[in-house]
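S.K.: My structure is stored as query_17.txt, with compact mmCIF, N, CA and C atoms and all ligand atoms.
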# COMPACT_ATOMS: atom_id res chain seq x y z
N MET A 9 -16.91 -3.50 0.39
CA MET A 9 -16.05 -2.70 1.28
C MET A 9 -15.53 -1.48 0.52
N THR A 10 -15.65 -0.30 1.12
CA THR A 10 -15.10 0.90 0.48
C THR A 10 -13.59 0.93 0.70
N TYR A 11 -12.92 1.81 -0.06
CA TYR A 11 -11.47 1.93 0.14
C TYR A 11 -11.18 2.40 1.57
N GLN A 12 -11.97 3.35 2.06
CA GLN A 12 -11.72 3.87 3.41
C GLN A 12 -11.87 2.77 4.45
N GLU A 13 -12.84 1.89 4.26
CA GLU A 13 -13.02 0.78 5.20
C GLU A 13 -11.81 -0.16 5.14
N TRP A 14 -11.36 -0.45 3.91
CA TRP A 14 -10.17 -1.30 3.78
C TRP A 14 -8.97 -0.62 4.45
N PHE A 15 -8.81 0.67 4.19
CA PHE A 15 -7.68 1.42 4.74
C PHE A 15 -7.67 1.33 6.27
N ASN A 16 -8.82 1.53 6.89
CA ASN A 16 -8.89 1.50 8.36
C ASN A 16 -8.60 0.10 8.89
N ALA A 17 -9.13 -0.91 8.21
CA ALA A 17 -8.89 -2.29 8.65
C ALA A 17 -7.40 -2.63 8.51
N HIS A 18 -6.80 -2.18 7.41
CA HIS A 18 -5.38 -2.46 7.18
C HIS A 18 -4.51 -1.73 8.22
N ALA A 19 -4.89 -0.51 8.53
CA ALA A 19 -4.16 0.26 9.55
C ALA A 19 -4.19 -0.47 10.89
N SER A 20 -5.32 -1.04 11.24
CA SER A 20 -5.45 -1.76 12.52
C SER A 20 -4.56 -3.00 12.51
N LYS A 21 -4.55 -3.73 11.41
CA LYS A 21 -3.72 -4.93 11.33
C LYS A 21 -2.23 -4.56 11.44
N HIS A 22 -1.87 -3.47 10.76
CA HIS A 22 -0.48 -3.01 10.80
C HIS A 22 -0.09 -2.64 12.23
N ALA A 23 -0.97 -1.94 12.92
CA ALA A 23 -0.67 -1.49 14.29
C ALA A 23 -0.50 -2.68 15.24
N VAL A 24 -1.31 -3.72 15.06
CA VAL A 24 -1.20 -4.91 15.92
C VAL A 24 0.16 -5.57 15.72
N ILE A 25 0.60 -5.66 14.47
CA ILE A 25 1.92 -6.25 14.21
C ILE A 25 3.01 -5.39 14.84
N MET A 26 2.89 -4.08 14.67
CA MET A 26 3.93 -3.19 15.20
C MET A 26 4.03 -3.26 16.71
N GLU A 27 2.92 -3.52 17.37
CA GLU A 27 2.97 -3.67 18.84
C GLU A 27 3.84 -4.86 19.24
N LYS A 28 3.87 -5.88 18.39
CA LYS A 28 4.69 -7.06 18.69
C LYS A 28 6.17 -6.79 18.43
N LEU A 29 6.45 -5.75 17.64
CA LEU A 29 7.82 -5.53 17.16
C LEU A 29 8.52 -4.36 17.85
N THR A 30 8.04 -3.95 18.98
CA THR A 30 8.60 -2.75 19.62
C THR A 30 10.09 -2.91 19.96
N ALA A 31 10.53 -4.13 20.20
CA ALA A 31 11.94 -4.34 20.57
C ALA A 31 12.87 -4.34 19.36
N LEU A 32 12.30 -4.37 18.18
CA LEU A 32 13.14 -4.45 16.97
C LEU A 32 13.58 -3.06 16.51
N SER A 33 14.74 -3.00 15.91
CA SER A 33 15.22 -1.74 15.32
C SER A 33 14.44 -1.46 14.04
N GLU A 34 14.63 -0.27 13.50
CA GLU A 34 13.96 0.09 12.24
C GLU A 34 14.29 -0.92 11.14
N SER A 35 15.57 -1.23 11.03
CA SER A 35 15.98 -2.17 9.97
C SER A 35 15.36 -3.55 10.17
N GLU A 36 15.27 -3.97 11.43
CA GLU A 36 14.69 -5.28 11.70
C GLU A 36 13.19 -5.28 11.41
N VAL A 37 12.52 -4.17 11.69
CA VAL A 37 11.09 -4.08 11.36
C VAL A 37 10.90 -4.18 9.85
N ILE A 38 11.72 -3.46 9.12
CA ILE A 38 11.62 -3.48 7.66
C ILE A 38 11.86 -4.91 7.13
N GLU A 39 12.84 -5.57 7.71
CA GLU A 39 13.10 -6.96 7.30
C GLU A 39 11.91 -7.86 7.63
N TYR A 40 11.29 -7.60 8.76
CA TYR A 40 10.14 -8.42 9.17
C TYR A 40 9.01 -8.31 8.13
N PHE A 41 8.88 -7.14 7.54
CA PHE A 41 7.79 -6.93 6.58
C PHE A 41 8.10 -7.42 5.17
N ARG A 42 9.22 -8.09 5.01
CA ARG A 42 9.49 -8.70 3.70
C ARG A 42 8.43 -9.76 3.42
N PHE A 43 8.00 -9.79 2.17
CA PHE A 43 6.93 -10.70 1.76
C PHE A 43 7.15 -12.12 2.28
N GLU A 44 8.33 -12.65 2.10
CA GLU A 44 8.61 -14.06 2.45
C GLU A 44 8.37 -14.31 3.94
N ASN A 45 8.72 -13.34 4.78
CA ASN A 45 8.50 -13.50 6.22
C ASN A 45 7.03 -13.31 6.58
N MET A 46 6.41 -12.33 5.96
CA MET A 46 5.01 -12.01 6.29
C MET A 46 4.08 -13.18 5.95
N VAL A 47 4.35 -13.84 4.84
CA VAL A 47 3.51 -14.98 4.45
C VAL A 47 3.50 -16.04 5.55
N ILE A 48 4.64 -16.22 6.17
CA ILE A 48 4.75 -17.26 7.21
C ILE A 48 4.22 -16.77 8.56
N ASN A 49 4.64 -15.57 8.94
CA ASN A 49 4.35 -15.11 10.31
C ASN A 49 3.11 -14.25 10.48
N GLU A 50 2.61 -13.67 9.38
CA GLU A 50 1.41 -12.82 9.46
C GLU A 50 0.43 -13.20 8.36
N PRO A 51 -0.01 -14.44 8.33
CA PRO A 51 -0.81 -14.91 7.19
C PRO A 51 -2.13 -14.16 6.99
N ASN A 52 -2.60 -13.46 8.01
CA ASN A 52 -3.88 -12.75 7.86
C ASN A 52 -3.73 -11.30 7.43
N PHE A 53 -2.50 -10.86 7.20
CA PHE A 53 -2.28 -9.46 6.85
C PHE A 53 -2.78 -9.15 5.44
N CYS A 54 -2.66 -10.12 4.55
CA CYS A 54 -3.03 -9.89 3.14
C CYS A 54 -3.68 -11.14 2.56
N LEU A 55 -4.73 -10.96 1.81
CA LEU A 55 -5.42 -12.10 1.20
C LEU A 55 -4.51 -12.88 0.24
N LEU A 56 -3.56 -12.17 -0.37
CA LEU A 56 -2.68 -12.83 -1.33
C LEU A 56 -1.74 -13.83 -0.67
N TYR A 57 -1.51 -13.67 0.62
CA TYR A 57 -0.58 -14.58 1.31
C TYR A 57 -1.08 -16.02 1.29
N THR A 58 -2.37 -16.18 1.27
CA THR A 58 -2.94 -17.54 1.28
C THR A 58 -2.40 -18.36 0.11
N ASP A 59 -2.23 -17.69 -1.04
CA ASP A 59 -1.74 -18.37 -2.24
C ASP A 59 -0.25 -18.10 -2.48
N ASN A 60 0.41 -17.51 -1.48
CA ASN A 60 1.83 -17.17 -1.62
C ASN A 60 2.08 -16.36 -2.89
N LYS A 61 1.17 -15.42 -3.13
CA LYS A 61 1.20 -14.65 -4.38
C LYS A 61 1.54 -13.19 -4.09
N LYS A 62 2.44 -12.62 -4.87
CA LYS A 62 2.80 -11.22 -4.71
C LYS A 62 1.90 -10.32 -5.57
N CYS A 63 1.70 -9.10 -5.10
CA CYS A 63 0.91 -8.15 -5.89
C CYS A 63 1.72 -7.59 -7.06
N HIS A 64 3.04 -7.66 -6.97
CA HIS A 64 3.93 -7.23 -8.03
C HIS A 64 4.95 -8.33 -8.27
N GLU A 65 5.22 -8.59 -9.52
CA GLU A 65 6.21 -9.61 -9.85
C GLU A 65 7.61 -9.02 -9.70
N THR A 66 8.14 -9.15 -8.53
CA THR A 66 9.48 -8.64 -8.27
C THR A 66 10.12 -9.53 -7.22
N GLU A 67 11.44 -9.67 -7.30
CA GLU A 67 12.12 -10.57 -6.37
C GLU A 67 12.00 -10.05 -4.93
N HIS A 68 12.24 -8.74 -4.75
CA HIS A 68 12.23 -8.17 -3.40
C HIS A 68 10.99 -7.31 -3.21
N LEU A 69 10.03 -7.83 -2.48
CA LEU A 69 8.78 -7.09 -2.23
C LEU A 69 8.65 -6.87 -0.73
N ASN A 70 8.59 -5.62 -0.33
CA ASN A 70 8.37 -5.32 1.09
C ASN A 70 6.94 -4.80 1.27
N CYS A 71 6.25 -5.31 2.27
CA CYS A 71 4.83 -5.02 2.47
C CYS A 71 4.58 -3.91 3.49
N TYR A 72 5.64 -3.29 4.03
CA TYR A 72 5.45 -2.31 5.11
C TYR A 72 4.57 -1.14 4.66
N TRP A 73 4.79 -0.65 3.47
CA TRP A 73 4.03 0.50 2.97
C TRP A 73 2.89 0.08 2.05
N CYS A 74 2.39 -1.11 2.23
CA CYS A 74 1.26 -1.53 1.42
C CYS A 74 0.15 -0.50 1.54
N ALA A 75 -0.39 -0.13 0.41
CA ALA A 75 -1.37 0.95 0.22
C ALA A 75 -0.69 2.12 -0.47
N CYS A 76 0.58 2.38 -0.12
CA CYS A 76 1.40 3.42 -0.73
C CYS A 76 1.04 4.83 -0.24
N PRO A 77 2.01 5.55 0.29
CA PRO A 77 1.75 6.92 0.75
C PRO A 77 1.42 7.90 -0.37
N HIS A 78 1.64 7.49 -1.61
CA HIS A 78 1.37 8.40 -2.73
C HIS A 78 0.03 8.12 -3.42
N PHE A 79 -0.59 7.03 -3.03
CA PHE A 79 -1.87 6.66 -3.66
C PHE A 79 -3.00 7.47 -3.02
N ARG A 80 -3.83 8.03 -3.86
CA ARG A 80 -4.97 8.82 -3.38
C ARG A 80 -6.26 8.19 -3.90
N PHE A 81 -7.20 8.00 -2.99
CA PHE A 81 -8.46 7.40 -3.38
C PHE A 81 -9.59 8.13 -2.69
N ASN A 82 -10.64 8.37 -3.41
CA ASN A 82 -11.82 8.98 -2.80
C ASN A 82 -13.01 8.12 -3.20
N ASP A 83 -13.65 7.52 -2.21
CA ASP A 83 -14.78 6.63 -2.50
C ASP A 83 -15.92 7.33 -3.23
N LYS A 84 -15.99 8.66 -3.08
CA LYS A 84 -17.06 9.40 -3.77
C LYS A 84 -16.57 9.96 -5.10
N GLY A 85 -15.29 9.83 -5.36
CA GLY A 85 -14.73 10.36 -6.61
C GLY A 85 -14.18 11.76 -6.40
N PHE A 86 -13.06 12.05 -7.07
CA PHE A 86 -12.46 13.39 -6.98
C PHE A 86 -13.13 14.36 -7.95
N SER A 87 -13.44 13.84 -9.11
CA SER A 87 -14.01 14.69 -10.16
C SER A 87 -14.61 13.81 -11.24
N THR A 88 -15.19 14.45 -12.22
CA THR A 88 -15.72 13.71 -13.37
C THR A 88 -14.94 14.16 -14.61
N GLN A 89 -14.45 13.18 -15.35
CA GLN A 89 -13.70 13.49 -16.56
C GLN A 89 -14.34 12.76 -17.74
N GLU A 90 -14.82 13.52 -18.68
CA GLU A 90 -15.49 12.96 -19.86
C GLU A 90 -16.55 11.94 -19.47
N GLY A 91 -17.33 12.29 -18.45
CA GLY A 91 -18.45 11.44 -18.03
C GLY A 91 -18.06 10.27 -17.14
N LYS A 92 -16.78 10.16 -16.81
CA LYS A 92 -16.33 9.06 -15.94
C LYS A 92 -15.85 9.64 -14.61
N ILE A 93 -16.11 8.90 -13.53
CA ILE A 93 -15.70 9.37 -12.21
C ILE A 93 -14.25 8.98 -11.94
N LEU A 94 -13.45 9.98 -11.55
CA LEU A 94 -12.04 9.73 -11.21
C LEU A 94 -11.97 9.37 -9.72
N TYR A 95 -11.66 8.10 -9.44
CA TYR A 95 -11.65 7.62 -8.06
C TYR A 95 -10.27 7.64 -7.42
N SER A 96 -9.22 7.49 -8.22
CA SER A 96 -7.90 7.38 -7.60
C SER A 96 -6.83 7.98 -8.49
N THR A 97 -5.77 8.46 -7.83
CA THR A 97 -4.67 9.10 -8.54
C THR A 97 -3.35 8.80 -7.82
N CYS A 98 -2.25 9.27 -8.42
CA CYS A 98 -0.93 9.17 -7.81
C CYS A 98 -0.45 10.59 -7.51
N SER A 99 -0.11 10.87 -6.24
CA SER A 99 0.25 12.24 -5.86
C SER A 99 1.58 12.69 -6.44
N ILE A 100 2.43 11.75 -6.84
CA ILE A 100 3.71 12.15 -7.45
C ILE A 100 3.71 11.89 -8.96
N ASP A 101 2.55 11.53 -9.45
CA ASP A 101 2.41 11.29 -10.89
C ASP A 101 3.54 10.40 -11.41
N CYS A 102 3.72 9.30 -10.72
CA CYS A 102 4.81 8.37 -11.03
C CYS A 102 4.78 7.94 -12.50
N LYS A 103 5.95 7.94 -13.13
CA LYS A 103 5.99 7.61 -14.56
C LYS A 103 5.58 6.17 -14.85
N GLU A 104 5.69 5.31 -13.84
CA GLU A 104 5.28 3.91 -14.04
C GLU A 104 3.76 3.75 -13.88
N GLY A 105 3.11 4.77 -13.36
CA GLY A 105 1.66 4.68 -13.13
C GLY A 105 0.88 4.74 -14.42
N LYS A 106 -0.25 4.03 -14.43
CA LYS A 106 -1.13 4.05 -15.60
C LYS A 106 -2.55 4.29 -15.09
N ARG A 107 -3.47 4.29 -16.01
CA ARG A 107 -4.87 4.43 -15.63
C ARG A 107 -5.66 3.26 -16.15
N PHE A 108 -6.57 2.78 -15.31
CA PHE A 108 -7.52 1.78 -15.75
C PHE A 108 -8.85 2.53 -15.96
N ILE A 109 -9.35 2.48 -17.19
CA ILE A 109 -10.55 3.24 -17.52
C ILE A 109 -11.67 2.30 -17.96
N SER A 110 -12.79 2.37 -17.24
CA SER A 110 -13.96 1.58 -17.63
C SER A 110 -14.99 2.54 -18.25
N ASP A 111 -16.19 2.05 -18.49
CA ASP A 111 -17.23 2.90 -19.08
C ASP A 111 -17.62 4.04 -18.15
N THR A 112 -17.48 3.81 -16.84
CA THR A 112 -17.96 4.81 -15.88
C THR A 112 -16.90 5.35 -14.93
N ALA A 113 -15.74 4.70 -14.88
CA ALA A 113 -14.79 5.07 -13.83
C ALA A 113 -13.34 5.10 -14.33
N ILE A 114 -12.53 5.91 -13.63
CA ILE A 114 -11.09 5.95 -13.88
C ILE A 114 -10.39 5.61 -12.56
N HIS A 115 -9.49 4.61 -12.61
CA HIS A 115 -8.73 4.22 -11.43
C HIS A 115 -7.25 4.28 -11.73
N GLN A 116 -6.47 4.62 -10.73
CA GLN A 116 -5.01 4.56 -10.87
C GLN A 116 -4.59 3.10 -10.96
N ASP A 117 -3.72 2.80 -11.90
CA ASP A 117 -3.20 1.44 -12.05
C ASP A 117 -1.72 1.45 -11.63
N CYS A 118 -1.44 0.84 -10.50
CA CYS A 118 -0.08 0.87 -9.93
C CYS A 118 0.68 -0.43 -10.17
N THR A 119 0.17 -1.25 -11.05
CA THR A 119 0.77 -2.58 -11.19
C THR A 119 2.23 -2.55 -11.66
N SER A 120 2.65 -1.46 -12.31
CA SER A 120 4.03 -1.41 -12.80
C SER A 120 4.95 -0.59 -11.88
N CYS A 121 4.42 -0.14 -10.77
CA CYS A 121 5.19 0.74 -9.88
C CYS A 121 5.64 -0.01 -8.63
N LEU A 122 6.92 0.09 -8.33
CA LEU A 122 7.48 -0.61 -7.15
C LEU A 122 7.95 0.37 -6.08
N ILE A 123 7.68 1.64 -6.24
CA ILE A 123 8.20 2.65 -5.31
C ILE A 123 7.93 2.30 -3.83
N PRO A 124 6.69 2.02 -3.42
CA PRO A 124 6.46 1.81 -1.98
C PRO A 124 6.96 0.47 -1.47
N HIS A 125 7.41 -0.38 -2.35
CA HIS A 125 7.83 -1.72 -1.93
C HIS A 125 9.34 -1.89 -1.88
N GLN A 126 10.07 -0.79 -2.11
CA GLN A 126 11.54 -0.86 -2.10
C GLN A 126 12.07 -0.38 -0.75
N GLU A 127 12.92 -1.19 -0.15
CA GLU A 127 13.39 -0.88 1.20
C GLU A 127 14.23 0.38 1.25
N LYS A 128 15.01 0.66 0.22
CA LYS A 128 15.84 1.87 0.26
C LYS A 128 14.95 3.12 0.28
N ILE A 129 13.78 3.04 -0.30
CA ILE A 129 12.88 4.19 -0.32
C ILE A 129 12.13 4.32 1.00
N LEU A 130 11.62 3.21 1.52
CA LEU A 130 10.86 3.34 2.77
C LEU A 130 11.76 3.65 3.96
N LYS A 131 13.05 3.31 3.87
CA LYS A 131 13.99 3.67 4.95
C LYS A 131 14.14 5.18 5.06
N LYS A 132 14.04 5.88 3.93
CA LYS A 132 14.23 7.33 3.93
C LYS A 132 13.14 8.05 4.70
N ASP A 133 11.97 7.49 4.76
CA ASP A 133 10.83 8.17 5.40
C ASP A 133 10.12 7.21 6.35
N PHE A 134 10.92 6.40 7.04
CA PHE A 134 10.33 5.36 7.88
C PHE A 134 9.65 5.97 9.11
N ASN A 135 8.50 5.44 9.42
CA ASN A 135 7.79 5.84 10.64
C ASN A 135 7.13 4.58 11.20
N ARG A 136 7.25 4.36 12.49
CA ARG A 136 6.65 3.16 13.09
C ARG A 136 5.12 3.24 13.09
N ASN A 137 4.60 4.44 12.93
CA ASN A 137 3.15 4.59 12.84
C ASN A 137 2.76 4.69 11.36
N TRP A 138 2.21 3.61 10.84
CA TRP A 138 1.87 3.53 9.42
C TRP A 138 0.90 4.64 9.02
N ARG A 139 -0.05 4.93 9.90
CA ARG A 139 -1.05 5.96 9.57
C ARG A 139 -0.42 7.32 9.34
N ILE A 140 0.59 7.65 10.12
CA ILE A 140 1.23 8.97 9.96
C ILE A 140 1.83 9.08 8.56
N THR A 141 2.50 8.04 8.11
CA THR A 141 3.08 8.07 6.75
C THR A 141 1.98 8.14 5.71
N MET A 142 0.95 7.32 5.89
CA MET A 142 -0.09 7.22 4.86
C MET A 142 -0.97 8.46 4.80
N GLU A 143 -1.11 9.15 5.93
CA GLU A 143 -2.04 10.27 5.94
C GLU A 143 -1.33 11.61 5.81
N LYS A 144 -0.04 11.57 5.48
CA LYS A 144 0.73 12.81 5.32
C LYS A 144 0.07 13.74 4.30
N ALA A 145 -0.27 13.15 3.20
CA ALA A 145 -0.92 13.95 2.16
C ALA A 145 -2.38 13.53 2.11
N PRO A 146 -3.27 14.46 2.32
CA PRO A 146 -4.69 14.10 2.38
C PRO A 146 -5.25 13.65 1.03
N CYS A 147 -6.32 12.88 1.11
CA CYS A 147 -7.00 12.45 -0.11
C CYS A 147 -7.63 13.65 -0.78
S1 LIG A 201 2.35 -5.26 -0.70
FE1 LIG A 201 1.16 -6.71 -2.00
S2 LIG A 201 1.59 -8.76 -1.17
FE2 LIG A 201 2.24 -7.24 0.38
S3 LIG A 201 0.48 -6.97 1.74
FE3 LIG A 201 0.27 -5.43 0.12
S4 LIG A 201 -1.00 -6.37 -1.49
FE4 LIG A 201 -0.25 -8.02 -0.14
I'd like the structure from this file rewritten - as structure tokens, please.
Ligand code: SF4

M.R.:
Amino acid sequence: MTYQEWFNAHASKHAVIMEKLTALSESEVIEYFRFENMVINEPNFCLLYTDNKKCHETEHLNCYWCACPHFRFNDKGFSTQEGKILYSTCSIDCKEGKRFISDTAIHQDCTSCLIPHQEKILKKDFNRNWRITMEKAPC
């Protein structure tokens, strides 16, 4: 599966959940997307839910912005750097971000970054349409 295929599939799953939540306020929607609730009520949203496993080791993980509005990925690569294809980057060059570098590829490593999973941050730019938030800045 390419990143774009995953992105489109994830957008569809997000939209289906949001259709069920139209009566909820913004705050209630954000609460609904807390990891602990999603594992129980939306078990098919993320493969990690099957094992009750978080993608980041943090007490408070919100899944609403999963994918992250700042993450950029190009399945064909953005450029070539020292013979390796650069596939992904961070648009805000987050200080917690790192790079995973293999023999042929460079990927953004977001494992230490919690920006998109913090409720105080997603409340500032909340949109009920996940795609609008995610596609604000083009790849
Ligand atoms: S934020 Fe992490 S745990 Fe939540 S849906 Fe995304 S990958 Fe899964």

S.K.: List all protein, DNA and RNA residues that have any atom at most 8 Å from ligand LIG 201 (chain A), counting only N, CA and C atoms and all ligand atoms, and write the list as an mmCIF file with N, CA and C atoms, in the frame of the given file.

M.R.:
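The resulting file, part-v9.cif, is reproduced below:
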data_model
loop_
_atom_site.group_PDB
_atom_site.id
_atom_site.type_symbol
_atom_site.label_atom_id
_atom_site.label_comp_id
_atom_site.auth_asym_id
_atom_site.auth_seq_id
_atom_site.Cartn_x
_atom_site.Cartn_y
_atom_site.Cartn_z
ATOM 1 N N PHE A 41 8.880 -7.140 7.540
ATOM 2 C CA PHE A 41 7.790 -6.930 6.580
ATOM 3 C C PHE A 41 8.100 -7.420 5.170
ATOM 4 N N ARG A 42 9.220 -8.090 5.010
ATOM 5 C CA ARG A 42 9.490 -8.700 3.700
ATOM 6 C C ARG A 42 8.430 -9.760 3.420
ATOM 7 N N PHE A 43 8.000 -9.790 2.170
ATOM 8 C CA PHE A 43 6.930 -10.700 1.760
ATOM 9 C C PHE A 43 7.150 -12.120 2.280
ATOM 10 N N PHE A 53 -2.500 -10.860 7.200
ATOM 11 C CA PHE A 53 -2.280 -9.460 6.850
ATOM 12 C C PHE A 53 -2.780 -9.150 5.440
ATOM 13 N N CYS A 54 -2.660 -10.120 4.550
ATOM 14 C CA CYS A 54 -3.030 -9.890 3.140
ATOM 15 C C CYS A 54 -3.680 -11.140 2.560
ATOM 16 N N LEU A 55 -4.730 -10.960 1.810
ATOM 17 C CA LEU A 55 -5.420 -12.100 1.200
ATOM 18 C C LEU A 55 -4.510 -12.880 0.240
ATOM 19 N N LEU A 56 -3.560 -12.170 -0.370
ATOM 20 C CA LEU A 56 -2.680 -12.830 -1.330
ATOM 21 C C LEU A 56 -1.740 -13.830 -0.670
ATOM 22 N N TYR A 57 -1.510 -13.670 0.620
ATOM 23 C CA TYR A 57 -0.580 -14.580 1.310
ATOM 24 C C TYR A 57 -1.080 -16.020 1.290
ATOM 25 N N ASN A 60 0.410 -17.510 -1.480
ATOM 26 C CA ASN A 60 1.830 -17.170 -1.620
ATOM 27 C C ASN A 60 2.080 -16.360 -2.890
ATOM 28 N N LYS A 61 1.170 -15.420 -3.130
ATOM 29 C CA LYS A 61 1.200 -14.650 -4.380
ATOM 30 C C LYS A 61 1.540 -13.190 -4.090
ATOM 31 N N LYS A 62 2.440 -12.620 -4.870
ATOM 32 C CA LYS A 62 2.800 -11.220 -4.710
ATOM 33 C C LYS A 62 1.900 -10.320 -5.570
ATOM 34 N N CYS A 63 1.700 -9.100 -5.100
ATOM 35 C CA CYS A 63 0.910 -8.150 -5.890
ATOM 36 C C CYS A 63 1.720 -7.590 -7.060
ATOM 37 N N HIS A 64 3.040 -7.660 -6.970
ATOM 38 C CA HIS A 64 3.930 -7.230 -8.030
ATOM 39 C C HIS A 64 4.950 -8.330 -8.270
ATOM 40 N N LEU A 69 10.030 -7.830 -2.480
ATOM 41 C CA LEU A 69 8.780 -7.090 -2.230
ATOM 42 C C LEU A 69 8.650 -6.870 -0.730
ATOM 43 N N ASN A 70 8.590 -5.620 -0.330
ATOM 44 C CA ASN A 70 8.370 -5.320 1.090
ATOM 45 C C ASN A 70 6.940 -4.800 1.270
ATOM 46 N N CYS A 71 6.250 -5.310 2.270
ATOM 47 C CA CYS A 71 4.830 -5.020 2.470
ATOM 48 C C CYS A 71 4.580 -3.910 3.490
ATOM 49 N N TYR A 72 5.640 -3.290 4.030
ATOM 50 C CA TYR A 72 5.450 -2.310 5.110
ATOM 51 C C TYR A 72 4.570 -1.140 4.660
ATOM 52 N N TRP A 73 4.790 -0.650 3.470
ATOM 53 C CA TRP A 73 4.030 0.500 2.970
ATOM 54 C C TRP A 73 2.890 0.080 2.050
ATOM 55 N N CYS A 74 2.390 -1.110 2.230
ATOM 56 C CA CYS A 74 1.260 -1.530 1.420
ATOM 57 C C CYS A 74 0.150 -0.500 1.540
ATOM 58 N N ALA A 75 -0.390 -0.130 0.410
ATOM 59 C CA ALA A 75 -1.370 0.950 0.220
ATOM 60 C C ALA A 75 -0.690 2.120 -0.470
ATOM 61 N N CYS A 76 0.580 2.380 -0.120
ATOM 62 C CA CYS A 76 1.400 3.420 -0.730
ATOM 63 C C CYS A 76 1.040 4.830 -0.240
ATOM 64 N N PRO A 124 6.690 2.020 -3.420
ATOM 65 C CA PRO A 124 6.460 1.810 -1.980
ATOM 66 C C PRO A 124 6.960 0.470 -1.470
ATOM 67 N N HIS A 125 7.410 -0.380 -2.350
ATOM 68 C CA HIS A 125 7.830 -1.720 -1.930
ATOM 69 C C HIS A 125 9.340 -1.890 -1.880
#

S.K.: Which neighbours of Arg107 in chain A fall inside 6 Å, counting only N, CA and C atoms, when residues of the same chain fewer than 2 positions from it are skipped, and could you give them as an MDAnalysis selection string?

M.R.: chainID A and resid 105 109 115:117

S.K.: Could you find all residues in range 94-139 of chain A that DSSP calls strand (DSSP E or B) from the backbone, and write them as a PyMOL selection string?

M.R.: chain A and resi 94+96-98+106-109+113-117

S.K.: Skipping near chain neighbours, those fewer than 4 positions away, what residues fall within 10 Å of Phe81 in chain A using only C-alpha atoms, listed as a compact mmCIF listing (two decimals) with N, CA and C atoms, keeping the file's coordinate frame?

M.R.:
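Saved as out_3.txt:
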# COMPACT_ATOMS: atom_id res chain seq x y z
N TYR A 11 -12.92 1.81 -0.06
CA TYR A 11 -11.47 1.93 0.14
C TYR A 11 -11.18 2.40 1.57
N GLN A 12 -11.97 3.35 2.06
CA GLN A 12 -11.72 3.87 3.41
C GLN A 12 -11.87 2.77 4.45
N GLY A 85 -15.29 9.83 -5.36
CA GLY A 85 -14.73 10.36 -6.61
C GLY A 85 -14.18 11.76 -6.40
N PHE A 86 -13.06 12.05 -7.07
CA PHE A 86 -12.46 13.39 -6.98
C PHE A 86 -13.13 14.36 -7.95
N LEU A 94 -13.45 9.98 -11.55
CA LEU A 94 -12.04 9.73 -11.21
C LEU A 94 -11.97 9.37 -9.72
N TYR A 95 -11.66 8.10 -9.44
CA TYR A 95 -11.65 7.62 -8.06
C TYR A 95 -10.27 7.64 -7.42
N SER A 96 -9.22 7.49 -8.22
CA SER A 96 -7.90 7.38 -7.60
C SER A 96 -6.83 7.98 -8.49
N THR A 97 -5.77 8.46 -7.83
CA THR A 97 -4.67 9.10 -8.54
C THR A 97 -3.35 8.80 -7.82
N CYS A 98 -2.25 9.27 -8.42
CA CYS A 98 -0.93 9.17 -7.81
C CYS A 98 -0.45 10.59 -7.51
N HIS A 115 -9.49 4.61 -12.61
CA HIS A 115 -8.73 4.22 -11.43
C HIS A 115 -7.25 4.28 -11.73
N GLN A 116 -6.47 4.62 -10.73
CA GLN A 116 -5.01 4.56 -10.87
C GLN A 116 -4.59 3.10 -10.96
N PRO A 146 -3.27 14.46 2.32
CA PRO A 146 -4.69 14.10 2.38
C PRO A 146 -5.25 13.65 1.03
N CYS A 147 -6.32 12.88 1.11
CA CYS A 147 -7.00 12.45 -0.11
C CYS A 147 -7.63 13.65 -0.78

S.K.: Between A:Thr66, A:His22, A:Leu32, A:Trp14, which is the closest to Asn137 in chain A once you count only N, CA and C atoms?

M.R.: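 Counting only N, CA and C atoms, the residue closest to Asn137 in chain A is A:His22.
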
S.K.: One decimal, Å: what's the distance from CA of Arg139 in chain A over to CA of Ile114 in chain A, could you say?

M.R.: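 Interatomic distance here is 25.5 Å.
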
S.K.: Of the residues A:Glu67, A:Ile25, A:Asp133, A:Ile93, which is the one nearest to Val37 in chain A, using only C-alpha atoms?

M.R.: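 So, comparing all the options, the nearest one is A:Ile25.
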
S.K.: Could you jot down the atom N of Glu39 in chain A to atom C of Met142 in chain A separation for me, Å, one decimal place?

M.R.: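 Separation between atom N of Glu39 in chain A and atom C of Met142 in chain A: 19.9 Å.
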
S.K.: Would you pick out the contacts of Arg136 in chain A at 9 Å or less, using only C-alpha atoms, so that residues sharing its chain but fewer than 3 positions from it are not included, and give the list as a CSV table (one decimal) with N, CA and C atoms, in the frame of the given file?

M.R.:
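Saved the output as result25.csv:
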chain,number,residue,atom,x,y,z
A,23,ALA,N,-1.0,-1.9,12.9
A,23,ALA,CA,-0.7,-1.5,14.3
A,23,ALA,C,-0.5,-2.7,15.2
A,26,MET,N,2.9,-4.1,14.7
A,26,MET,CA,3.9,-3.2,15.2
A,26,MET,C,4.0,-3.3,16.7
A,34,GLU,N,14.6,-0.3,13.5
A,34,GLU,CA,14.0,0.1,12.2
A,34,GLU,C,14.3,-0.9,11.1
A,37,VAL,N,12.5,-4.2,11.7
A,37,VAL,CA,11.1,-4.1,11.4
A,37,VAL,C,10.9,-4.2,9.8
A,139,ARG,N,0.0,4.9,9.9
A,139,ARG,CA,-1.0,6.0,9.6
A,139,ARG,C,-0.4,7.3,9.3
A,140,ILE,N,0.6,7.6,10.1
A,140,ILE,CA,1.2,9.0,10.0
A,140,ILE,C,1.8,9.1,8.6
A,141,THR,N,2.5,8.0,8.1
A,141,THR,CA,3.1,8.1,6.8
A,141,THR,C,2.0,8.1,5.7
